[in-house]
$ cat start_27.pdb   # PDB, C-alpha atoms
MODEL        1
ATOM      1  CA  MET G  11      52.885 -37.737 148.041  1.00  0.00           C
ATOM      2  CA  THR G  12      50.223 -40.351 148.844  1.00  0.00           C
ATOM      3  CA  ASP G  13      48.673 -40.894 152.268  1.00  0.00           C
ATOM      4  CA  GLN G  14      50.619 -44.150 152.526  1.00  0.00           C
ATOM      5  CA  ASP G  15      53.898 -42.330 151.825  1.00  0.00           C
ATOM      6  CA  SER G  16      53.062 -39.728 154.469  1.00  0.00           C
ATOM      7  CA  LYS G  17      52.277 -42.408 157.040  1.00  0.00           C
ATOM      8  CA  GLN G  18      55.509 -44.245 156.223  1.00  0.00           C
ATOM      9  CA  ARG G  19      57.594 -41.077 156.582  1.00  0.00           C
ATOM     10  CA  SER G  20      55.820 -40.192 159.821  1.00  0.00           C
ATOM     11  CA  GLY G  21      56.511 -43.677 161.165  1.00  0.00           C
ATOM     12  CA  ILE G  22      60.215 -43.411 160.312  1.00  0.00           C
ATOM     13  CA  GLN G  23      60.421 -40.018 162.026  1.00  0.00           C
ATOM     14  CA  SER G  24      58.687 -41.437 165.101  1.00  0.00           C
ATOM     15  CA  VAL G  25      61.191 -44.282 165.307  1.00  0.00           C
ATOM     16  CA  GLY G  26      64.030 -41.789 165.030  1.00  0.00           C
ATOM     17  CA  ILE G  27      62.647 -39.638 167.836  1.00  0.00           C
ATOM     18  CA  GLY G  28      62.035 -42.689 170.009  1.00  0.00           C
ATOM     19  CA  LEU G  29      65.649 -43.769 169.540  1.00  0.00           C
ATOM     20  CA  ARG G  30      66.772 -40.249 170.433  1.00  0.00           C
ATOM     21  CA  VAL G  31      64.855 -40.435 173.712  1.00  0.00           C
ATOM     22  CA  LEU G  32      66.354 -43.872 174.368  1.00  0.00           C
ATOM     23  CA  ASP G  33      69.838 -42.501 173.707  1.00  0.00           C
ATOM     24  CA  VAL G  34      69.210 -39.713 176.238  1.00  0.00           C
ATOM     25  CA  LEU G  35      68.264 -42.328 178.850  1.00  0.00           C
ATOM     26  CA  ALA G  36      71.494 -44.171 178.073  1.00  0.00           C
ATOM     27  CA  THR G  37      73.703 -41.089 178.429  1.00  0.00           C
ATOM     28  CA  LEU G  38      72.196 -39.765 181.667  1.00  0.00           C
ATOM     29  CA  ASP G  39      73.899 -40.780 184.908  1.00  0.00           C
ATOM     30  CA  GLY G  40      70.773 -42.484 186.282  1.00  0.00           C
ATOM     31  CA  PRO G  41      66.976 -42.252 186.548  1.00  0.00           C
ATOM     32  CA  ALA G  42      65.713 -38.849 185.387  1.00  0.00           C
ATOM     33  CA  ALA G  43      62.552 -36.781 185.570  1.00  0.00           C
ATOM     34  CA  LEU G  44      60.351 -36.207 182.543  1.00  0.00           C
ATOM     35  CA  GLY G  45      61.410 -32.561 182.234  1.00  0.00           C
ATOM     36  CA  VAL G  46      65.094 -33.428 182.146  1.00  0.00           C
ATOM     37  CA  ILE G  47      64.559 -36.061 179.463  1.00  0.00           C
ATOM     38  CA  ALA G  48      62.344 -33.755 177.405  1.00  0.00           C
ATOM     39  CA  GLN G  49      64.920 -30.962 177.458  1.00  0.00           C
ATOM     40  CA  ALA G  50      67.794 -33.286 176.560  1.00  0.00           C
ATOM     41  CA  SER G  51      65.707 -34.775 173.722  1.00  0.00           C
ATOM     42  CA  ASP G  52      64.665 -31.338 172.425  1.00  0.00           C
ATOM     43  CA  LEU G  53      60.988 -32.244 172.889  1.00  0.00           C
ATOM     44  CA  SER G  54      58.060 -30.780 174.761  1.00  0.00           C
ATOM     45  CA  ALA G  55      57.077 -32.542 177.972  1.00  0.00           C
ATOM     46  CA  SER G  56      53.937 -33.960 176.355  1.00  0.00           C
ATOM     47  CA  GLN G  57      55.898 -35.287 173.364  1.00  0.00           C
ATOM     48  CA  ALA G  58      58.552 -36.845 175.578  1.00  0.00           C
ATOM     49  CA  HIS G  59      55.868 -38.436 177.758  1.00  0.00           C
ATOM     50  CA  ARG G  60      54.260 -40.056 174.722  1.00  0.00           C
ATOM     51  CA  TYR G  61      57.522 -41.593 173.541  1.00  0.00           C
ATOM     52  CA  LEU G  62      58.511 -42.667 177.044  1.00  0.00           C
ATOM     53  CA  ALA G  63      55.158 -44.406 177.458  1.00  0.00           C
ATOM     54  CA  SER G  64      55.840 -46.402 174.293  1.00  0.00           C
ATOM     55  CA  LEU G  65      59.359 -47.268 175.454  1.00  0.00           C
ATOM     56  CA  VAL G  66      58.045 -48.409 178.839  1.00  0.00           C
ATOM     57  CA  ALA G  67      55.385 -50.541 177.152  1.00  0.00           C
ATOM     58  CA  SER G  68      58.051 -52.232 175.014  1.00  0.00           C
ATOM     59  CA  GLY G  69      60.397 -52.835 177.954  1.00  0.00           C
ATOM     60  CA  MET G  70      63.058 -50.498 176.594  1.00  0.00           C
ATOM     61  CA  ALA G  71      62.468 -48.079 179.469  1.00  0.00           C
ATOM     62  CA  LYS G  72      61.011 -48.293 182.955  1.00  0.00           C
ATOM     63  CA  GLN G  73      59.390 -45.838 185.357  1.00  0.00           C
ATOM     64  CA  ASP G  74      59.799 -45.836 189.114  1.00  0.00           C
ATOM     65  CA  PRO G  75      56.255 -45.720 190.528  1.00  0.00           C
ATOM     66  CA  ALA G  76      57.490 -43.989 193.688  1.00  0.00           C
ATOM     67  CA  THR G  77      59.440 -41.136 192.068  1.00  0.00           C
ATOM     68  CA  GLY G  78      58.048 -41.071 188.530  1.00  0.00           C
ATOM     69  CA  ARG G  79      61.585 -41.037 187.149  1.00  0.00           C
ATOM     70  CA  TYR G  80      62.523 -42.924 184.003  1.00  0.00           C
ATOM     71  CA  ASP G  81      65.485 -45.195 183.345  1.00  0.00           C
ATOM     72  CA  LEU G  82      66.631 -47.843 180.879  1.00  0.00           C
ATOM     73  CA  GLY G  83      64.479 -50.952 180.957  1.00  0.00           C
ATOM     74  CA  PRO G  84      65.375 -54.644 180.683  1.00  0.00           C
ATOM     75  CA  GLY G  85      64.973 -54.601 176.910  1.00  0.00           C
ATOM     76  CA  ALA G  86      67.560 -51.846 176.531  1.00  0.00           C
ATOM     77  CA  LEU G  87      69.924 -53.670 178.866  1.00  0.00           C
ATOM     78  CA  ARG G  88      69.616 -56.864 176.802  1.00  0.00           C
ATOM     79  CA  LEU G  89      70.286 -54.848 173.661  1.00  0.00           C
ATOM     80  CA  GLY G  90      73.365 -53.238 175.194  1.00  0.00           C
ATOM     81  CA  LEU G  91      74.770 -56.489 176.516  1.00  0.00           C
ATOM     82  CA  GLY G  92      74.190 -58.155 173.164  1.00  0.00           C
ATOM     83  CA  ALA G  93      76.117 -55.381 171.415  1.00  0.00           C
ATOM     84  CA  LEU G  94      78.967 -55.557 173.935  1.00  0.00           C
ATOM     85  CA  ALA G  95      79.245 -59.317 173.459  1.00  0.00           C
ATOM     86  CA  ARG G  96      79.978 -58.680 169.778  1.00  0.00           C
ATOM     87  CA  VAL G  97      82.699 -56.096 170.428  1.00  0.00           C
ATOM     88  CA  ASP G  98      86.385 -57.035 170.348  1.00  0.00           C
ATOM     89  CA  ALA G  99      88.294 -54.269 172.141  1.00  0.00           C
ATOM     90  CA  PHE G 100      91.648 -55.432 170.774  1.00  0.00           C
ATOM     91  CA  ARG G 101      90.406 -55.527 167.186  1.00  0.00           C
ATOM     92  CA  GLU G 102      88.792 -52.091 167.447  1.00  0.00           C
ATOM     93  CA  ALA G 103      91.930 -50.625 169.012  1.00  0.00           C
ATOM     94  CA  ASP G 104      94.177 -52.312 166.443  1.00  0.00           C
ATOM     95  CA  GLU G 105      92.203 -50.945 163.485  1.00  0.00           C
ATOM     96  CA  ALA G 106      91.987 -47.409 164.866  1.00  0.00           C
ATOM     97  CA  ILE G 107      95.610 -47.239 165.997  1.00  0.00           C
ATOM     98  CA  THR G 108      96.897 -48.674 162.711  1.00  0.00           C
ATOM     99  CA  ALA G 109      94.994 -45.960 160.835  1.00  0.00           C
ATOM    100  CA  PHE G 110      96.417 -43.325 163.206  1.00  0.00           C
ATOM    101  CA  SER G 111      99.948 -44.610 162.607  1.00  0.00           C
ATOM    102  CA  ARG G 112      99.498 -44.467 158.827  1.00  0.00           C
ATOM    103  CA  GLU G 113      98.178 -40.904 158.987  1.00  0.00           C
ATOM    104  CA  THR G 114     100.808 -39.524 161.373  1.00  0.00           C
ATOM    105  CA  GLY G 115     103.845 -41.684 160.653  1.00  0.00           C
ATOM    106  CA  ARG G 116     104.194 -42.370 164.382  1.00  0.00           C
ATOM    107  CA  THR G 117     104.875 -45.792 165.877  1.00  0.00           C
ATOM    108  CA  VAL G 118     102.312 -46.914 168.456  1.00  0.00           C
ATOM    109  CA  GLN G 119     102.294 -49.964 170.711  1.00  0.00           C
ATOM    110  CA  ILE G 120      99.120 -51.420 172.209  1.00  0.00           C
ATOM    111  CA  ALA G 121      99.428 -53.157 175.566  1.00  0.00           C
ATOM    112  CA  ALA G 122      97.201 -55.136 177.912  1.00  0.00           C
ATOM    113  CA  LEU G 123      97.659 -55.833 181.611  1.00  0.00           C
ATOM    114  CA  GLY G 124      98.756 -59.416 182.215  1.00  0.00           C
ATOM    115  CA  PRO G 125      99.054 -61.247 185.540  1.00  0.00           C
ATOM    116  CA  SER G 126     102.609 -59.993 186.058  1.00  0.00           C
ATOM    117  CA  GLY G 127     102.438 -56.591 184.369  1.00  0.00           C
ATOM    118  CA  PRO G 128     101.789 -54.763 181.083  1.00  0.00           C
ATOM    119  CA  ILE G 129     102.381 -56.845 177.935  1.00  0.00           C
ATOM    120  CA  VAL G 130     102.779 -55.527 174.381  1.00  0.00           C
ATOM    121  CA  VAL G 131     100.029 -57.103 172.252  1.00  0.00           C
ATOM    122  CA  ARG G 132     100.197 -55.054 169.015  1.00  0.00           C
ATOM    123  CA  TRP G 133     102.643 -52.846 167.112  1.00  0.00           C
ATOM    124  CA  ALA G 134     101.683 -50.233 164.536  1.00  0.00           C
ATOM    125  CA  MET G 135     104.994 -49.272 162.942  1.00  0.00           C
ATOM    126  CA  GLY G 136     105.386 -45.706 161.705  1.00  0.00           C
ATOM    127  CA  SER G 137     107.711 -44.130 159.166  1.00  0.00           C
ATOM    128  CA  PRO G 138     110.561 -43.879 159.841  1.00  0.00           C
ATOM    129  CA  PRO G 139     110.177 -46.936 162.082  1.00  0.00           C
ATOM    130  CA  VAL G 140     111.240 -46.853 165.715  1.00  0.00           C
ATOM    131  CA  ALA G 141     113.783 -49.580 166.452  1.00  0.00           C
ATOM    132  CA  THR G 142     113.691 -50.911 170.027  1.00  0.00           C
ATOM    133  CA  SER G 143     114.292 -54.189 171.821  1.00  0.00           C
ATOM    134  CA  LEU G 144     110.568 -54.366 172.567  1.00  0.00           C
ATOM    135  CA  MET G 145     108.315 -56.644 170.532  1.00  0.00           C
ATOM    136  CA  VAL G 146     104.901 -58.280 170.745  1.00  0.00           C
ATOM    137  CA  GLY G 147     104.906 -60.301 173.960  1.00  0.00           C
ATOM    138  CA  SER G 148     107.449 -58.064 175.718  1.00  0.00           C
ATOM    139  CA  SER G 149     106.721 -57.195 179.342  1.00  0.00           C
ATOM    140  CA  LEU G 150     106.904 -53.607 180.571  1.00  0.00           C
ATOM    141  CA  PRO G 151     107.510 -52.332 184.103  1.00  0.00           C
ATOM    142  CA  LEU G 152     104.581 -50.784 185.907  1.00  0.00           C
ATOM    143  CA  LEU G 153     106.563 -48.056 187.677  1.00  0.00           C
ATOM    144  CA  ARG G 154     109.146 -47.159 185.010  1.00  0.00           C
ATOM    145  CA  SER G 155     107.118 -47.078 181.773  1.00  0.00           C
ATOM    146  CA  ALA G 156     104.457 -44.697 180.478  1.00  0.00           C
ATOM    147  CA  THR G 157     102.284 -47.709 179.661  1.00  0.00           C
ATOM    148  CA  GLY G 158     102.626 -49.031 183.207  1.00  0.00           C
ATOM    149  CA  HIS G 159     101.755 -45.648 184.687  1.00  0.00           C
ATOM    150  CA  VAL G 160      98.418 -45.617 182.853  1.00  0.00           C
ATOM    151  CA  PHE G 161      97.474 -49.081 184.102  1.00  0.00           C
ATOM    152  CA  LEU G 162      98.562 -48.052 187.599  1.00  0.00           C
ATOM    153  CA  ALA G 163      96.253 -45.028 187.428  1.00  0.00           C
ATOM    154  CA  PHE G 164      93.238 -46.573 185.742  1.00  0.00           C
ATOM    155  CA  ARG G 165      93.038 -50.092 187.144  1.00  0.00           C
ATOM    156  CA  PRO G 166      91.953 -51.015 190.683  1.00  0.00           C
ATOM    157  CA  ASP G 167      94.700 -51.159 193.289  1.00  0.00           C
ATOM    158  CA  SER G 168      93.897 -54.849 193.790  1.00  0.00           C
ATOM    159  CA  HIS G 169      95.015 -55.506 190.182  1.00  0.00           C
ATOM    160  CA  THR G 170      98.393 -53.798 190.512  1.00  0.00           C
ATOM    161  CA  ARG G 171      99.417 -53.925 194.186  1.00  0.00           C
ATOM    162  CA  HIS G 172     101.414 -57.149 193.864  1.00  0.00           C
ATOM    163  CA  MET G 173     103.199 -55.762 190.797  1.00  0.00           C
ATOM    164  CA  VAL G 174     104.157 -52.594 192.668  1.00  0.00           C
ATOM    165  CA  GLU G 175     105.459 -54.638 195.606  1.00  0.00           C
ATOM    166  CA  ARG G 176     107.504 -56.916 193.342  1.00  0.00           C
ATOM    167  CA  GLU G 177     109.040 -54.049 191.366  1.00  0.00           C
ATOM    168  CA  THR G 178     109.765 -52.047 194.511  1.00  0.00           C
ATOM    169  CA  GLN G 179     111.655 -55.003 195.969  1.00  0.00           C
ATOM    170  CA  ALA G 180     113.581 -55.578 192.735  1.00  0.00           C
ATOM    171  CA  GLU G 181     114.546 -51.915 192.268  1.00  0.00           C
ATOM    172  CA  ARG G 182     115.946 -51.080 195.691  1.00  0.00           C
ATOM    173  CA  GLY G 183     119.001 -49.467 194.130  1.00  0.00           C
ATOM    174  CA  LEU G 184     116.903 -46.994 192.109  1.00  0.00           C
ATOM    175  CA  ALA G 185     115.264 -43.781 193.273  1.00  0.00           C
ATOM    176  CA  PRO G 186     112.005 -44.618 195.068  1.00  0.00           C
ATOM    177  CA  VAL G 187     108.716 -43.935 193.286  1.00  0.00           C
ATOM    178  CA  ASP G 188     105.878 -42.103 195.049  1.00  0.00           C
ATOM    179  CA  VAL G 189     103.207 -44.471 193.758  1.00  0.00           C
ATOM    180  CA  GLU G 190     100.187 -42.522 194.977  1.00  0.00           C
ATOM    181  CA  ALA G 191     101.482 -39.203 193.629  1.00  0.00           C
ATOM    182  CA  LEU G 192     102.185 -40.875 190.280  1.00  0.00           C
ATOM    183  CA  ARG G 193      98.718 -42.406 190.202  1.00  0.00           C
ATOM    184  CA  GLN G 194      97.009 -39.093 190.977  1.00  0.00           C
ATOM    185  CA  ARG G 195      99.059 -37.178 188.407  1.00  0.00           C
ATOM    186  CA  VAL G 196      98.159 -39.564 185.598  1.00  0.00           C
ATOM    187  CA  ARG G 197      94.506 -39.611 186.623  1.00  0.00           C
ATOM    188  CA  LYS G 198      94.461 -35.815 186.504  1.00  0.00           C
ATOM    189  CA  THR G 199      96.178 -35.427 183.125  1.00  0.00           C
ATOM    190  CA  GLY G 200      94.749 -38.572 181.531  1.00  0.00           C
ATOM    191  CA  TYR G 201      98.104 -39.720 180.156  1.00  0.00           C
ATOM    192  CA  SER G 202     101.730 -40.437 181.048  1.00  0.00           C
ATOM    193  CA  ALA G 203     104.789 -39.204 179.168  1.00  0.00           C
ATOM    194  CA  ILE G 204     108.387 -40.223 179.842  1.00  0.00           C
ATOM    195  CA  SER G 205     111.647 -39.650 177.985  1.00  0.00           C
ATOM    196  CA  GLY G 206     114.658 -41.939 178.081  1.00  0.00           C
ATOM    197  CA  SER G 207     113.993 -43.516 181.470  1.00  0.00           C
ATOM    198  CA  LEU G 208     113.136 -46.964 180.096  1.00  0.00           C
ATOM    199  CA  ILE G 209     115.074 -46.908 176.815  1.00  0.00           C
ATOM    200  CA  PRO G 210     117.666 -44.141 176.226  1.00  0.00           C
ATOM    201  CA  GLY G 211     116.667 -41.735 173.460  1.00  0.00           C
ATOM    202  CA  LEU G 212     113.065 -42.948 173.342  1.00  0.00           C
ATOM    203  CA  ARG G 213     110.079 -40.724 174.167  1.00  0.00           C
ATOM    204  CA  ALA G 214     106.826 -42.476 175.080  1.00  0.00           C
ATOM    205  CA  THR G 215     103.340 -41.104 175.713  1.00  0.00           C
ATOM    206  CA  ALA G 216     100.655 -43.560 176.856  1.00  0.00           C
ATOM    207  CA  LEU G 217      96.881 -43.121 176.908  1.00  0.00           C
ATOM    208  CA  PRO G 218      94.071 -45.408 178.085  1.00  0.00           C
ATOM    209  CA  ILE G 219      91.164 -47.045 176.300  1.00  0.00           C
ATOM    210  CA  PHE G 220      88.394 -47.685 178.814  1.00  0.00           C
ATOM    211  CA  ASP G 221      85.884 -50.502 179.215  1.00  0.00           C
ATOM    212  CA  LEU G 222      82.318 -50.433 180.531  1.00  0.00           C
ATOM    213  CA  GLN G 223      83.552 -50.197 184.123  1.00  0.00           C
ATOM    214  CA  GLY G 224      85.792 -47.225 183.398  1.00  0.00           C
ATOM    215  CA  GLU G 225      88.980 -49.277 183.678  1.00  0.00           C
ATOM    216  CA  ALA G 226      91.883 -49.208 181.209  1.00  0.00           C
ATOM    217  CA  VAL G 227      91.340 -52.351 179.137  1.00  0.00           C
ATOM    218  CA  VAL G 228      94.271 -51.552 176.821  1.00  0.00           C
ATOM    219  CA  THR G 229      96.710 -48.681 176.391  1.00  0.00           C
ATOM    220  CA  ALA G 230      98.046 -46.967 173.292  1.00  0.00           C
ATOM    221  CA  THR G 231     101.599 -45.639 173.602  1.00  0.00           C
ATOM    222  CA  VAL G 232     103.084 -43.446 170.883  1.00  0.00           C
ATOM    223  CA  LEU G 233     106.864 -43.715 170.602  1.00  0.00           C
ATOM    224  CA  ALA G 234     109.354 -41.250 169.154  1.00  0.00           C
ATOM    225  CA  THR G 235     113.103 -40.888 168.746  1.00  0.00           C
ATOM    226  CA  ASP G 236     115.207 -37.860 167.875  1.00  0.00           C
ATOM    227  CA  ALA G 237     114.032 -38.320 164.283  1.00  0.00           C
ATOM    228  CA  PHE G 238     110.722 -36.774 165.367  1.00  0.00           C
ATOM    229  CA  VAL G 239     110.612 -33.135 166.476  1.00  0.00           C
ATOM    230  CA  PRO G 240     109.486 -32.890 170.139  1.00  0.00           C
ATOM    231  CA  ASP G 241     107.544 -29.703 169.319  1.00  0.00           C
ATOM    232  CA  ARG G 242     104.815 -31.845 167.739  1.00  0.00           C
ATOM    233  CA  ASP G 243     104.477 -34.271 170.650  1.00  0.00           C
ATOM    234  CA  ASP G 244     101.537 -32.413 172.239  1.00  0.00           C
ATOM    235  CA  GLU G 245      99.698 -32.271 168.924  1.00  0.00           C
ATOM    236  CA  VAL G 246     100.255 -35.992 168.342  1.00  0.00           C
ATOM    237  CA  ARG G 247      99.167 -36.822 171.900  1.00  0.00           C
ATOM    238  CA  GLN G 248      95.925 -34.891 171.479  1.00  0.00           C
ATOM    239  CA  ALA G 249      95.209 -36.660 168.199  1.00  0.00           C
ATOM    240  CA  LEU G 250      95.878 -40.063 169.764  1.00  0.00           C
ATOM    241  CA  ALA G 251      93.691 -39.142 172.750  1.00  0.00           C
ATOM    242  CA  ALA G 252      90.815 -38.468 170.344  1.00  0.00           C
ATOM    243  CA  VAL G 253      91.351 -41.886 168.737  1.00  0.00           C
ATOM    244  CA  CYS G 254      91.406 -43.609 172.141  1.00  0.00           C
ATOM    245  CA  ASP G 255      88.220 -41.803 173.184  1.00  0.00           C
ATOM    246  CA  GLN G 256      86.532 -42.935 169.966  1.00  0.00           C
ATOM    247  CA  VAL G 257      87.553 -46.562 170.555  1.00  0.00           C
ATOM    248  CA  THR G 258      86.279 -46.275 174.133  1.00  0.00           C
ATOM    249  CA  THR G 259      82.911 -45.151 172.768  1.00  0.00           C
ATOM    250  CA  THR G 260      82.866 -47.889 170.109  1.00  0.00           C
ATOM    251  CA  ILE G 261      83.400 -50.679 172.651  1.00  0.00           C
ATOM    252  CA  GLY G 262      80.799 -49.258 175.033  1.00  0.00           C
ATOM    253  CA  GLY G 263      83.339 -47.985 177.533  1.00  0.00           C
ATOM    254  CA  ARG G 264      83.309 -44.842 179.616  1.00  0.00           C
ATOM    255  CA  ARG G 265      85.898 -42.456 180.988  1.00  0.00           C
ATOM    256  CA  PRO G 266      85.929 -42.593 184.803  1.00  0.00           C
ATOM    257  CA  VAL G 267      85.182 -39.531 186.904  1.00  0.00           C
ATOM    258  CA  VAL G 268      88.384 -38.516 188.705  1.00  0.00           C
TER     259      VAL G 268
ENDMDL
END

$ encode --input "start_27.pdb" --output "C-alpha cells"
Amino acid sequence: MTDQDSKQRSGIQSVGIGLRVLDVLATLDGPAALGVIAQASDLSASQAHRYLASLVASGMAKQDPATGRYDLGPGALRLGLGALARVDAFREADEAITAFSRETGRTVQIAALGPSGPIVVRWAMGSPPVATSLMVGSSLPLLRSATGHVFLAFRPDSHTRHMVERETQAERGLAPVDVEALRQRVRKTGYSAISGSLIPGLRATALPIFDLQGEAVVTATVLATDAFVPDRDDEVRQALAAVCDQVTTTIGGRRPVV
C-alpha cells in the first residue's frame, strides 16, 4: 500500500468517525458534555474533542461557551431540514405497508386525519382480500374505530376536540365513551384494537407513524375477518409495529414520550 493509499483510507475513516459523532449529537435529547459524547461515540475524550472541534469549525456542531456542552449546529439543521423536505410520508408508508401486506397476506389501510376526521388514503389488499364497505376516501369515526383511537391519542387535543364533540352529540343513543381513559390507554399500549364494533365480523388493529413533532401523521390499520386465525393477531401487530417504527425513522419522525 502506498503512502497516498494510506492517507486516503485514513481520510475515509476520519469522515466515518466524524459522522458517527454527528449522529450521536442528533440522537441525544439536547446539549451534552464531552464525556457523554465520547462514550456514546466509543471514543476517548481527546479523540472526541478533536472531531467535535472540526464539526464546530464547519458549522455542523456548536458549543455553548457558558457550559461547554455541544449540540447540533446550523449546518446540521440545514442538512436535516433539506432531507425532510425531500421525504414523502405517504409514499414511504405506502411502500412499506404494501411490502408488509405481500409478506403477511394481511389487508392494511392507511389513513390520515382530515378536517372532519380520519380518512382512508391507501389500501394494501391481502390474500384472501378483506371485503368491506370502506374504500379510499371513506371517513372513519374518531371514537368508534381503531384508526380514530390512534389519532385521538397521538394528536393534540386542539386537532380532535371538535370531532369528539360532534360525534358525542350524534351518538347520544350509544354507550358513552370515556375519551380521556381511551386516550391514555392507547398512549400506554401504542396501538388500538377493536373487534366488530364498527363493522360486524371485522377485527382492526391500528398503529401510528410519527412525524418530527411526535404526532401521528398517518396510521396503519391491519384488518382481519374470521378467515384469519386470531391467535396470530399479536404476532402480526408486532410485525406491523416494527414497520411503522421504521417508516417513522425514515421520515425523520420520533415516538413521543408518554

$ resolve_selection --input "start_27.pdb" --expression "the PyMOL selection byres ((chain G and resi 78-89) around 9)" --output "list in words"
Leu32, Leu35, Ala36, Leu38, Gly40, Pro41, Ala42, Ala43, Leu44, Ile47, Leu62, Leu65, Val66, Ser68, Gly69, Met70, Ala71, Lys72, Gln73, Asp74, Pro75, Ala76, Thr77, Gly90, Leu91, Gly92, Ala93 and Leu94 of chain G

$ closest_residue --input "start_27.pdb" --among "G:Val118, G:Leu123, G:Ala252, G:Ile261" --to "Met145 of chain G" --atoms "all atoms listed in the file"
G:Val118

$ resolve_selection --input "start_27.pdb" --expression "the PyMOL selection byres ((chain G and resi 200-204) around 7)" --output "list in words"
Ala156, His159, Val160, Val196, Arg197, Lys198, Thr199, Ser205, Gly206, Ser207, Arg213, Ala214, Thr215, Ala216 and Leu217 of chain G

$ resolve_selection --input "start_27.pdb" --expression "the PyMOL selection byres ((chain G and resi 139) around 10)" --output "PyMOL selection string"
chain G and resi 115-117+134-138+140-142+233-235+237

$ residues_around --input "start_27.pdb" --residues "segment 101-106 of chain G" --least-positions-apart "4" --cutoff "12 Å" --atoms "only C-alpha atoms" --output "number ranges by chain"
G: 96-97, 110-113, 118-122, 131-135, 217-221, 227-231, 249-262

$ residues_near_point --input "start_27.pdb" --point "(102.9, -48.2, 190.4)" --cutoff "9 Å" --atoms "all atoms listed in the file" --output "ChimeraX atom specification"
/G:151-154,158-159,161-163,170-171,173-175,177-178,187-190,192-193

$ atom_distance --input "start_27.pdb" --atom1 "atom CA of Pro186 of chain G" --atom2 "atom CA of Glu225 of chain G"
26.1 Å

$ closest_residue --input "start_27.pdb" --among "G:Ala191, G:Ala109, G:Ala63, G:Leu29" --to "Ser51 of chain G" --atoms "only C-alpha atoms"
G:Leu29

$ atom_distance --input "start_27.pdb" --atom1 "atom CA of Ser143 of chain G" --atom2 "atom CA of Val246 of chain G"
23.2 Å

$ atom_distance --input "start_27.pdb" --atom1 "atom CA of Ala48 of chain G" --atom2 "atom CA of Tyr61 of chain G"
10.0 Å

$ axis_aligned_box --input "start_27.pdb" --around "segment 97-102 of chain G" --padding-each-side "6 Å" --output "AutoDock Vina command-line options"
--center_x 87.2 --center_y -54.6 --center_z 169.7 --size_x 20.9 --size_y 16.9 --size_z 17.0

$ closest_residue --input "start_27.pdb" --among "G:Asp39, G:Asp167, G:Asp241, G:Glu181" --to "Arg264 of chain G" --atoms "all atoms listed in the file"
G:Asp39
